[in-house]
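For reference, entry_27.tsv (TSV, C-alpha atoms):
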chain	number	residue	atom	x	y	z
A	1	MET	CA	48.41	-20.60	13.93
A	2	SER	CA	46.03	-21.14	16.82
A	3	GLU	CA	43.44	-23.91	16.72
A	4	ARG	CA	40.77	-21.26	16.54
A	5	SER	CA	42.09	-19.49	13.45
A	6	LYS	CA	42.89	-22.85	11.83
A	7	TYR	CA	39.19	-23.74	11.94
A	8	PHE	CA	38.14	-20.23	10.97
A	9	TRP	CA	40.28	-20.16	7.81
A	10	ALA	CA	39.30	-23.71	6.91
A	11	GLY	CA	35.70	-22.46	6.95
A	12	VAL	CA	36.57	-19.48	4.77
A	13	ARG	CA	38.39	-21.77	2.31
A	14	ALA	CA	35.43	-24.16	2.13
A	15	GLU	CA	33.21	-21.17	1.33
A	16	LEU	CA	35.39	-19.78	-1.49
A	17	PRO	CA	33.97	-21.79	-4.42
A	18	LEU	CA	30.45	-20.79	-3.34
A	19	LEU	CA	31.44	-17.13	-3.21
A	20	ILE	CA	32.28	-17.12	-6.91
A	21	GLY	CA	28.63	-17.88	-7.61
A	22	VAL	CA	27.31	-15.58	-4.88
A	23	PHE	CA	29.16	-12.44	-5.95
A	24	PRO	CA	27.40	-11.79	-9.29
A	25	PHE	CA	24.15	-12.88	-7.65
A	26	GLY	CA	24.53	-10.14	-5.03
A	27	MET	CA	25.28	-7.61	-7.75
A	28	ILE	CA	22.16	-8.60	-9.68
A	29	TYR	CA	20.13	-8.27	-6.49
A	30	GLY	CA	21.50	-4.77	-5.83
A	31	ALA	CA	20.75	-3.62	-9.36
A	32	LEU	CA	17.22	-5.11	-9.37
A	33	ALA	CA	16.33	-3.73	-5.95
A	34	LEU	CA	17.17	-0.27	-7.22
A	35	ASP	CA	15.22	-0.94	-10.41
A	36	ALA	CA	12.20	-1.94	-8.29
A	37	GLY	CA	12.22	1.49	-6.70
A	38	LEU	CA	13.91	0.72	-3.39
A	39	SER	CA	16.20	3.42	-2.03
A	40	ASN	CA	19.95	2.75	-1.95
A	41	ALA	CA	19.76	2.46	1.83
A	42	ALA	CA	16.82	0.03	1.86
A	43	ALA	CA	18.39	-2.11	-0.89
A	44	GLN	CA	21.67	-2.31	1.05
A	45	MET	CA	20.09	-2.82	4.46
A	46	MET	CA	17.95	-5.68	3.21
A	47	SER	CA	21.19	-7.58	2.60
A	48	SER	CA	22.11	-7.30	6.28
A	49	MET	CA	18.66	-7.29	7.93
A	50	VAL	CA	17.12	-10.18	5.99
A	51	PHE	CA	20.37	-11.67	4.61
A	52	ALA	CA	18.70	-14.39	2.52
A	53	GLY	CA	19.17	-14.34	-1.26
A	54	SER	CA	15.93	-15.85	-2.52
A	55	ALA	CA	13.77	-13.96	0.00
A	56	GLN	CA	15.47	-10.71	-1.08
A	57	PHE	CA	14.79	-11.37	-4.76
A	58	ILE	CA	11.17	-12.22	-3.99
A	59	THR	CA	10.76	-9.10	-1.85
A	60	THR	CA	12.15	-7.07	-4.75
A	61	GLN	CA	9.63	-8.68	-7.11
A	62	LEU	CA	6.73	-8.03	-4.72
A	63	VAL	CA	7.80	-4.39	-4.26
A	64	THR	CA	7.70	-4.05	-8.08
A	65	GLU	CA	4.12	-5.37	-8.02
A	66	SER	CA	3.29	-3.05	-5.09
A	67	ALA	CA	2.15	-5.93	-2.87
A	68	PRO	CA	1.16	-4.84	0.65
A	69	GLY	CA	3.72	-5.16	3.46
A	70	PHE	CA	2.06	-8.02	5.33
A	71	VAL	CA	1.97	-10.19	2.18
A	72	ILE	CA	5.68	-9.55	1.63
A	73	VAL	CA	6.50	-10.46	5.24
A	74	LEU	CA	4.30	-13.59	5.04
A	75	THR	CA	6.04	-14.60	1.80
A	76	ILE	CA	9.48	-14.08	3.34
A	77	ALA	CA	8.36	-16.35	6.19
A	78	VAL	CA	7.18	-19.10	3.82
A	79	VAL	CA	10.28	-18.87	1.64
A	80	ASN	CA	12.60	-19.02	4.63
A	81	LEU	CA	10.83	-21.93	6.31
A	82	ARG	CA	13.61	-24.16	5.01
A	83	HIS	CA	15.98	-22.47	7.46
A	84	MET	CA	14.16	-24.33	10.22
A	85	LEU	CA	15.41	-27.51	8.60
A	86	TYR	CA	18.97	-26.22	8.68
A	87	SER	CA	18.47	-25.11	12.25
A	88	ALA	CA	17.19	-28.55	13.22
A	89	SER	CA	20.01	-30.26	11.38
A	90	LEU	CA	22.83	-28.21	12.96
A	91	ALA	CA	21.28	-28.04	16.44
A	92	PRO	CA	22.89	-31.19	17.88
A	93	TYR	CA	26.38	-29.97	16.87
A	94	LEU	CA	25.89	-26.52	18.42
A	95	ALA	CA	24.18	-27.72	21.59
A	96	SER	CA	27.11	-26.99	23.92
A	97	LEU	CA	27.73	-23.41	22.70
A	98	SER	CA	26.75	-20.26	24.59
A	99	THR	CA	23.56	-18.44	23.61
A	100	ARG	CA	25.72	-15.64	22.22
A	101	TRP	CA	27.42	-18.04	19.78
A	102	LYS	CA	24.12	-19.68	18.89
A	103	THR	CA	22.67	-16.24	18.12
A	104	LEU	CA	25.62	-15.21	15.95
A	105	LEU	CA	25.77	-18.49	14.03
A	106	SER	CA	21.99	-18.45	13.52
A	107	TYR	CA	22.17	-14.97	12.01
A	108	LEU	CA	24.84	-16.22	9.59
A	109	LEU	CA	22.98	-19.45	8.75
A	110	THR	CA	22.23	-19.24	5.01
A	111	ASP	CA	22.00	-22.03	2.42
A	112	GLU	CA	25.61	-21.37	1.44
A	113	ALA	CA	26.94	-21.50	5.03
A	114	TYR	CA	24.83	-24.52	5.96
A	115	ALA	CA	26.17	-26.66	3.10
A	116	PRO	CA	29.91	-26.61	3.97
A	117	GLY	CA	29.06	-26.43	7.69
A	118	ILE	CA	27.01	-29.60	7.86
A	119	VAL	CA	29.50	-31.46	5.65
A	120	HIS	CA	32.28	-30.46	8.03
A	121	TYR	CA	30.37	-31.51	11.16
A	122	GLU	CA	29.27	-34.80	9.66
A	123	SER	CA	32.79	-35.77	8.60
A	124	GLU	CA	34.80	-34.36	11.54
A	125	GLY	CA	32.33	-34.47	14.42
A	126	VAL	CA	32.33	-31.82	17.15
A	127	LYS	CA	35.76	-30.51	18.26
A	128	PRO	CA	36.31	-27.67	20.77
A	129	TYR	CA	36.69	-25.06	18.01
A	130	SER	CA	34.47	-26.58	15.30
A	131	HIS	CA	32.07	-23.64	15.46
A	132	TRP	CA	34.86	-21.36	14.19
A	133	PHE	CA	34.62	-23.27	10.91
A	134	LEU	CA	30.93	-22.41	10.57
A	135	PHE	CA	31.69	-18.85	11.67
A	136	GLY	CA	34.42	-18.52	9.00
A	137	ALA	CA	32.16	-19.82	6.25
A	138	GLY	CA	29.23	-17.66	7.36
A	139	LEU	CA	31.26	-14.47	7.83
A	140	ALA	CA	32.99	-14.85	4.44
A	141	LEU	CA	29.60	-15.14	2.79
A	142	TRP	CA	28.21	-12.18	4.76
A	143	MET	CA	31.07	-9.89	3.70
A	144	ILE	CA	30.83	-10.86	0.05
A	145	TRP	CA	27.04	-10.43	0.10
A	146	GLN	CA	27.32	-6.88	1.47
A	147	VAL	CA	30.09	-5.86	-0.93
A	148	SER	CA	28.41	-7.36	-4.00
A	149	THR	CA	25.08	-5.73	-3.08
A	150	ALA	CA	26.79	-2.33	-2.80
A	151	LEU	CA	28.51	-2.81	-6.15
A	152	GLY	CA	25.19	-3.83	-7.75
A	153	ILE	CA	23.48	-0.72	-6.36
A	154	PHE	CA	26.36	1.41	-7.63
A	155	LEU	CA	26.36	-0.09	-11.14
A	156	GLY	CA	22.59	-0.65	-11.31
A	157	ALA	CA	21.93	3.09	-11.37
A	158	ALA	CA	23.74	3.24	-14.71
A	159	ILE	CA	21.62	0.57	-16.46
A	160	PRO	CA	18.89	2.06	-18.72
A	161	GLU	CA	15.27	0.94	-18.24
A	162	SER	CA	14.89	-0.19	-21.87
A	163	TRP	CA	17.15	-3.15	-21.06
A	164	SER	CA	14.18	-4.77	-19.21
A	165	LEU	CA	16.45	-5.80	-16.38
A	166	ASP	CA	13.35	-6.78	-14.38
A	167	PHE	CA	13.07	-9.90	-16.55
A	168	ALA	CA	16.22	-11.14	-14.81
A	169	LEU	CA	14.03	-11.77	-11.74
A	170	PRO	CA	11.83	-14.58	-13.10
A	171	LEU	CA	14.96	-15.93	-14.81
A	172	THR	CA	16.73	-16.05	-11.45
A	173	PHE	CA	13.79	-17.94	-9.98
A	174	ILE	CA	13.82	-20.37	-12.91
A	175	ALA	CA	17.51	-21.03	-12.27
A	176	MET	CA	16.67	-21.72	-8.62
A	177	VAL	CA	13.63	-23.93	-9.19
A	178	VAL	CA	14.85	-26.25	-11.95
A	179	PRO	CA	17.57	-27.96	-9.85
A	180	VAL	CA	15.09	-28.77	-7.04
A	181	LEU	CA	12.70	-30.58	-9.43
A	182	LYS	CA	14.38	-33.89	-8.63
A	183	ASN	CA	11.36	-36.16	-8.32
A	184	ARG	CA	7.68	-36.41	-9.21
A	185	PRO	CA	6.25	-34.91	-6.00
A	186	ALA	CA	8.52	-31.85	-6.44
A	187	ILE	CA	7.49	-31.43	-10.09
A	188	ALA	CA	3.82	-31.83	-9.12
A	189	ALA	CA	4.26	-29.26	-6.33
A	190	ALA	CA	5.78	-26.80	-8.83
A	191	LEU	CA	3.16	-27.32	-11.56
A	192	SER	CA	0.17	-27.19	-9.22
A	193	ALA	CA	1.46	-24.10	-7.44
A	194	GLY	CA	2.11	-22.44	-10.81
A	195	CYS	CA	-1.37	-23.18	-12.14
A	196	VAL	CA	-3.10	-22.04	-8.94
A	197	ALA	CA	-1.00	-18.88	-9.04
A	198	ILE	CA	-2.28	-18.08	-12.55
A	199	ALA	CA	-5.89	-18.93	-11.65
A	200	ALA	CA	-5.78	-16.94	-8.40
A	201	TYR	CA	-3.78	-14.05	-9.84
A	202	SER	CA	-6.61	-11.56	-9.42
A	203	LEU	CA	-7.03	-12.21	-5.68
A	204	PRO	CA	-6.38	-9.07	-3.65
A	205	TYR	CA	-3.10	-8.40	-1.80
A	206	LYS	CA	-1.24	-10.97	-3.92
A	207	LEU	CA	-2.79	-13.61	-1.67
A	208	GLY	CA	-2.88	-15.87	-4.74
A	209	LEU	CA	0.85	-16.40	-4.20
A	210	ILE	CA	0.39	-17.67	-0.65
A	211	LEU	CA	-2.59	-19.84	-1.67
A	212	ALA	CA	-0.64	-21.29	-4.63
A	213	ALA	CA	2.39	-22.05	-2.45
A	214	LEU	CA	0.24	-23.83	0.14
A	215	VAL	CA	-1.52	-25.93	-2.53
A	216	GLY	CA	1.85	-26.87	-4.07
A	217	ILE	CA	3.34	-27.83	-0.70
A	218	LEU	CA	0.24	-29.88	0.14
A	219	ILE	CA	0.26	-31.74	-3.18
A	220	GLY	CA	4.00	-32.48	-2.98
A	221	THR	CA	3.66	-33.78	0.58
A	222	LEU	CA	0.60	-35.94	-0.24
A	223	LEU	CA	2.30	-37.46	-3.29
A	224	GLU	CA	5.47	-38.20	-1.36
A	225	GLY	CA	3.38	-40.17	1.11
A	226	LYS	CA	2.37	-42.48	-1.76
A	227	GLN	CA	5.85	-43.15	-3.13
A	228	SER	CA	9.38	-42.90	-1.85
A	229	PRO	CA	11.11	-40.13	-3.79
A	230	LYS	CA	14.49	-40.68	-5.38
A	231	GLY	CA	17.12	-38.30	-4.13
A	232	GLY	CA	16.68	-35.81	-1.28
A	233	MET	CA	15.94	-32.18	-1.80
A	234	LEU	CA	18.86	-30.94	0.27
B	1	MET	CA	8.39	3.73	5.85
B	2	THR	CA	6.50	0.53	5.05
B	3	ILE	CA	9.59	-0.97	3.42
B	4	TRP	CA	11.56	-0.51	6.65
B	5	LEU	CA	8.85	-2.33	8.63
B	6	VAL	CA	8.92	-5.11	6.01
B	7	LEU	CA	12.70	-5.37	6.37
B	8	LEU	CA	12.47	-5.34	10.16
B	9	PHE	CA	9.79	-8.02	10.42
B	10	GLY	CA	11.16	-10.01	7.48
B	11	GLY	CA	14.58	-9.96	9.14
B	12	LEU	CA	13.26	-10.90	12.58
B	13	ILE	CA	11.23	-13.81	11.18
B	14	THR	CA	14.16	-15.06	9.13
B	15	PHE	CA	16.48	-14.89	12.13
B	16	GLY	CA	13.80	-16.51	14.31
B	17	MET	CA	13.59	-19.51	11.99
B	18	ARG	CA	17.34	-19.93	11.83
B	19	PHE	CA	17.63	-19.62	15.61
B	20	SER	CA	14.50	-21.61	16.56
B	21	LEU	CA	15.66	-25.20	16.61
B	22	ILE	CA	19.28	-24.45	17.44
B	23	TYR	CA	17.96	-22.75	20.56
B	24	LEU	CA	15.19	-25.24	21.33
B	25	PHE	CA	17.35	-28.31	20.67
B	26	GLY	CA	16.11	-31.26	22.70
B	27	ARG	CA	13.01	-29.38	23.80
B	28	LEU	CA	10.99	-29.54	20.61
B	29	HIS	CA	10.26	-32.31	18.15
B	30	ILE	CA	9.37	-31.49	14.53
B	31	PRO	CA	6.67	-33.84	13.21
B	32	GLU	CA	7.78	-35.95	10.25
B	33	THR	CA	4.99	-34.57	8.03
B	34	LEU	CA	6.16	-30.99	8.58
B	35	ARG	CA	9.74	-32.02	7.84
B	36	LYS	CA	8.52	-33.55	4.56
B	37	ALA	CA	6.39	-30.50	3.72
B	38	LEU	CA	9.38	-28.16	4.09
B	39	HIS	CA	11.04	-29.85	1.12
B	40	TYR	CA	8.27	-28.61	-1.16
B	41	VAL	CA	8.48	-24.97	-0.15
B	42	PRO	CA	11.11	-24.00	-2.75
B	43	PRO	CA	9.45	-25.57	-5.85
B	44	ALA	CA	5.97	-24.36	-4.79
B	45	VAL	CA	6.85	-20.75	-3.90
B	46	LEU	CA	9.20	-20.20	-6.83
B	47	SER	CA	6.74	-21.60	-9.37
B	48	ALA	CA	3.93	-19.53	-7.87
B	49	ILE	CA	6.02	-16.47	-8.72
B	50	ILE	CA	7.36	-17.61	-12.10
B	51	PHE	CA	4.12	-18.81	-13.73
B	52	PRO	CA	2.09	-15.57	-13.56
B	53	ASP	CA	5.17	-13.60	-14.60
B	54	LEU	CA	5.48	-15.65	-17.81
B	55	PHE	CA	1.86	-16.57	-18.59
B	56	THR	CA	0.02	-13.42	-17.48
B	57	PRO	CA	2.50	-10.58	-18.11
B	58	SER	CA	-0.24	-7.94	-18.18
B	59	GLY	CA	-2.88	-9.52	-15.96
B	60	GLU	CA	-4.55	-11.78	-18.56
B	61	LEU	CA	-3.53	-15.25	-19.69
B	62	TYR	CA	-1.39	-14.65	-22.78
B	63	LEU	CA	-0.69	-17.88	-24.68
B	64	SER	CA	0.90	-16.71	-27.91
B	65	LEU	CA	4.15	-16.80	-29.83
B	66	ASP	CA	4.18	-13.05	-29.30
B	67	ASN	CA	4.51	-13.56	-25.55
B	68	HIS	CA	8.26	-13.02	-25.45
B	69	ARG	CA	8.52	-13.46	-21.70
B	70	LEU	CA	6.96	-16.92	-21.94
B	71	LEU	CA	9.18	-18.06	-24.82
B	72	ALA	CA	12.37	-16.66	-23.30
B	73	GLY	CA	11.35	-18.21	-19.97
B	74	LEU	CA	11.03	-21.64	-21.60
B	75	VAL	CA	14.48	-21.20	-23.17
B	76	ALA	CA	15.78	-20.36	-19.67
B	77	VAL	CA	14.17	-23.52	-18.23
B	78	LEU	CA	16.04	-25.52	-20.84
B	79	ALA	CA	19.29	-23.67	-20.06
B	80	ALA	CA	18.82	-24.26	-16.32
B	81	TRP	CA	18.09	-27.92	-16.88
B	82	VAL	CA	21.18	-28.45	-19.06
B	83	THR	CA	23.71	-26.26	-17.24
B	84	ARG	CA	22.41	-26.10	-13.62
B	85	ASN	CA	24.11	-22.73	-13.52
B	86	THR	CA	22.31	-19.60	-12.29
B	87	LEU	CA	24.34	-17.06	-14.25
B	88	VAL	CA	24.26	-18.97	-17.52
B	89	THR	CA	20.49	-19.37	-17.12
B	90	ILE	CA	19.99	-15.62	-16.59
B	91	LEU	CA	22.27	-14.71	-19.50
B	92	VAL	CA	20.67	-17.20	-21.92
B	93	GLY	CA	17.17	-16.09	-20.90
B	94	MET	CA	17.98	-12.39	-21.28
B	95	LEU	CA	19.63	-13.02	-24.66
B	96	ALA	CA	16.57	-14.97	-25.87
B	97	PHE	CA	14.32	-12.15	-24.63
B	98	PHE	CA	16.29	-9.47	-26.49
B	99	LEU	CA	16.47	-11.50	-29.70
B	100	LEU	CA	12.68	-12.11	-29.60
B	101	LYS	CA	12.06	-8.45	-28.90
B	102	PHE	CA	14.18	-7.19	-31.76
B	103	PHE	CA	13.49	-9.82	-34.40
B	104	GLY	CA	10.03	-11.04	-33.33
B	105	SER	CA	6.80	-9.74	-34.78

Entire entry expressed as structure tokens:
Amino acid sequence: MSERSKYFWAGVRAELPLLIGVFPFGMIYGALALDAGLSNAAAQMMSSMVFAGSAQFITTQLVTESAPGFVIVLTIAVVNLRHMLYSASLAPYLASLSTRWKTLLSYLLTDEAYAPGIVHYESEGVKPYSHWFLFGAGLALWMIWQVSTALGIFLGAAIPESWSLDFALPLTFIAMVVPVLKNRPAIAAALSAGCVAIAAYSLPYKLGLILAALVGILIGTLLEGKQSPKGGML
Amino acid sequence: MTIWLVLLFGGLITFGMRFSLIYLFGRLHIPETLRKALHYVPPAVLSAIIFPDLFTPSGELYLSLDNHRLLAGLVAVLAAWVTRNTLVTILVGMLAFFLLKFFGS
């Protein structure tokens, strides 16, 4: 086996345990996107054009609430800000690659590809074919995300409305938010954002969401300045 | 039509953020405060979506034992806290919601 494919398959293998969790998640997304009124094509294409789980769920939610397009795009931007952190963190390891490789690996850079990728780079350092590891992990995730979305769209059409499948959306967000509440500033950020969101719910264009997020981020950051938090967020 | 523009711009912005610092490596320095602030994006944004969904299901604050979404949501928070598992959390929350709906007042 060539060096190249050795790294590639090592990346795929490192991604496998994550895929077990991602697969049903992709199916739920596909079913919910359809439930929200997106066409089959739009639901499927979101998985390749945006390719970011939480942003896709949030977009689905905002489509359900008929939020205007610019609010959805703004929300996607805020939600995906964390990818700049991943980008910053991987940048030194990818510095010597061509722009073509940087473009490809950036497109594939999700939470689930970043995690095994950064662990690999930090333990092994940069070798001539290291980027094939990241590529393997990212591509494996991409394929599974597309297939599971398609399956969700296919099966979602068969689920009756009385099942209130839409309630799975806030539940998904709860499952995402609870594990990041690791310290007081994070909990304060969550509670303040939540309360502002309720208070500002009647603002037009769902702008209450953006306002609430900004207040939460501000409060978390200010509180962190006053104490050193235990445990990182990433 | 609008949804396709949303997907296009949403996709371009997402890619742009992933690409930004990989591409600009060595040419741009992120201030420490911004780096800190980024950590609070997930809890803030997610809570800003969850709270109104549970507390104001039909536009008005609804604090009552008859608010099944709120009660089932709290059960899900507990499930998420104990199991740290996305699927289990969704399943437990949905189960609680159905039970409340069928046996609740």

Using 7 Å as the limit and counting only C-alpha atoms, can you tabulate each residue of chain B that touches chain A, with its shortest atom-to-atom distance in Å and the two atoms involved, as CSV?
residue,atom,partner,partner_atom,distance
B:Thr2,CA,A:Gly69,CA,6.5
B:Val6,CA,A:Gly69,CA,5.8
B:Leu7,CA,A:Met46,CA,6.1
B:Leu8,CA,A:Met49,CA,6.9
B:Phe9,CA,A:Val73,CA,6.6
B:Gly10,CA,A:Val73,CA,5.2
B:Gly11,CA,A:Val50,CA,4.1
B:Ile13,CA,A:Ala77,CA,6.3
B:Thr14,CA,A:Asn80,CA,6.2
B:Phe15,CA,A:Tyr107,CA,5.7
B:Met17,CA,A:Met84,CA,5.2
B:Arg18,CA,A:Ser106,CA,5.2
B:Phe19,CA,A:Ser106,CA,5.0
B:Ser20,CA,A:Ser87,CA,6.8
B:Leu21,CA,A:Ala88,CA,5.0
B:Ile22,CA,A:Ala91,CA,4.2
B:Phe25,CA,A:Ala91,CA,5.8
B:Lys36,CA,A:Thr221,CA,6.3
B:Ala37,CA,A:Thr221,CA,5.3
B:Leu38,CA,A:Arg82,CA,5.9
B:His39,CA,A:Met233,CA,6.2
B:Tyr40,CA,A:Ile217,CA,5.0
B:Val41,CA,A:Ile217,CA,5.9
B:Pro42,CA,A:Val79,CA,6.8
B:Pro43,CA,A:Ala190,CA,4.9
B:Ala44,CA,A:Ala190,CA,4.7
B:Val45,CA,A:Ala213,CA,4.9
B:Leu46,CA,A:Phe173,CA,6.0
B:Ser47,CA,A:Gly194,CA,4.9
B:Ala48,CA,A:Gly194,CA,4.5
B:Ile49,CA,A:Leu209,CA,6.9
B:Ile50,CA,A:Pro170,CA,5.5
B:Phe51,CA,A:Gly194,CA,5.1
B:Pro52,CA,A:Ile198,CA,5.1
B:Asp53,CA,A:Pro170,CA,6.9
B:Gly73,CA,A:Leu171,CA,6.7
B:Ala76,CA,A:Leu171,CA,6.6
B:Val77,CA,A:Ile174,CA,6.2
B:Ala80,CA,A:Ala175,CA,5.3
B:Trp81,CA,A:Val178,CA,6.1
B:Arg84,CA,A:Pro179,CA,6.4
B:Asn85,CA,A:Ala175,CA,6.9
B:Thr86,CA,A:Ala175,CA,5.0
B:Thr89,CA,A:Ala175,CA,5.9
B:Ile90,CA,A:Leu171,CA,5.3
B:Gly93,CA,A:Leu171,CA,6.5
B:Met94,CA,A:Ala168,CA,6.8

Checklist entry - So how far away is atom CA of Ala36 of chain A from atom CA of Leu207 of chain A, in Å? => result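 Distance reported for this atom pair: 20.1 Å.
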
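The interatomic distance for the pair atom CA of Ser148 of chain A and atom CA of Gly53 of chain A works out to 11.9 Å.
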
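Distances to Ile159 of chain A were evaluated for A:Gly37, A:Thr60, A:Ala67, A:Ala31 using all atoms listed in the file, and the minimum falls at A:Ala31.
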
Box time for segment 61-68 of chain A: axis-aligned, enclosing all its listed atoms, 3 Å extra on each side; report centre and edge lengths in Å to one decimal, as lines of an AutoDock Vina configuration file.
center_x = 5.4
center_y = -5.9
center_z = -3.7
size_x = 14.5
size_y = 11.6
size_z = 14.7

Checklist entry - At a cut-off of 10 Å from (14.9, -11.6, -25.0) in the coordinates of the file, what residues are picked up using only C-alpha atoms, written as an MDAnalysis selection string? => result (chainID A and resid 163:164 167) or (chainID B and resid 68:69 71:73 75 91:104)

Item to check | Straight-line distance linking atom CA of Leu24 of chain B with atom CA of Leu12 of chain B, stated in Å to one decimal | outcome: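 Separation between atom CA of Leu24 of chain B and atom CA of Leu12 of chain B: 16.9 Å.
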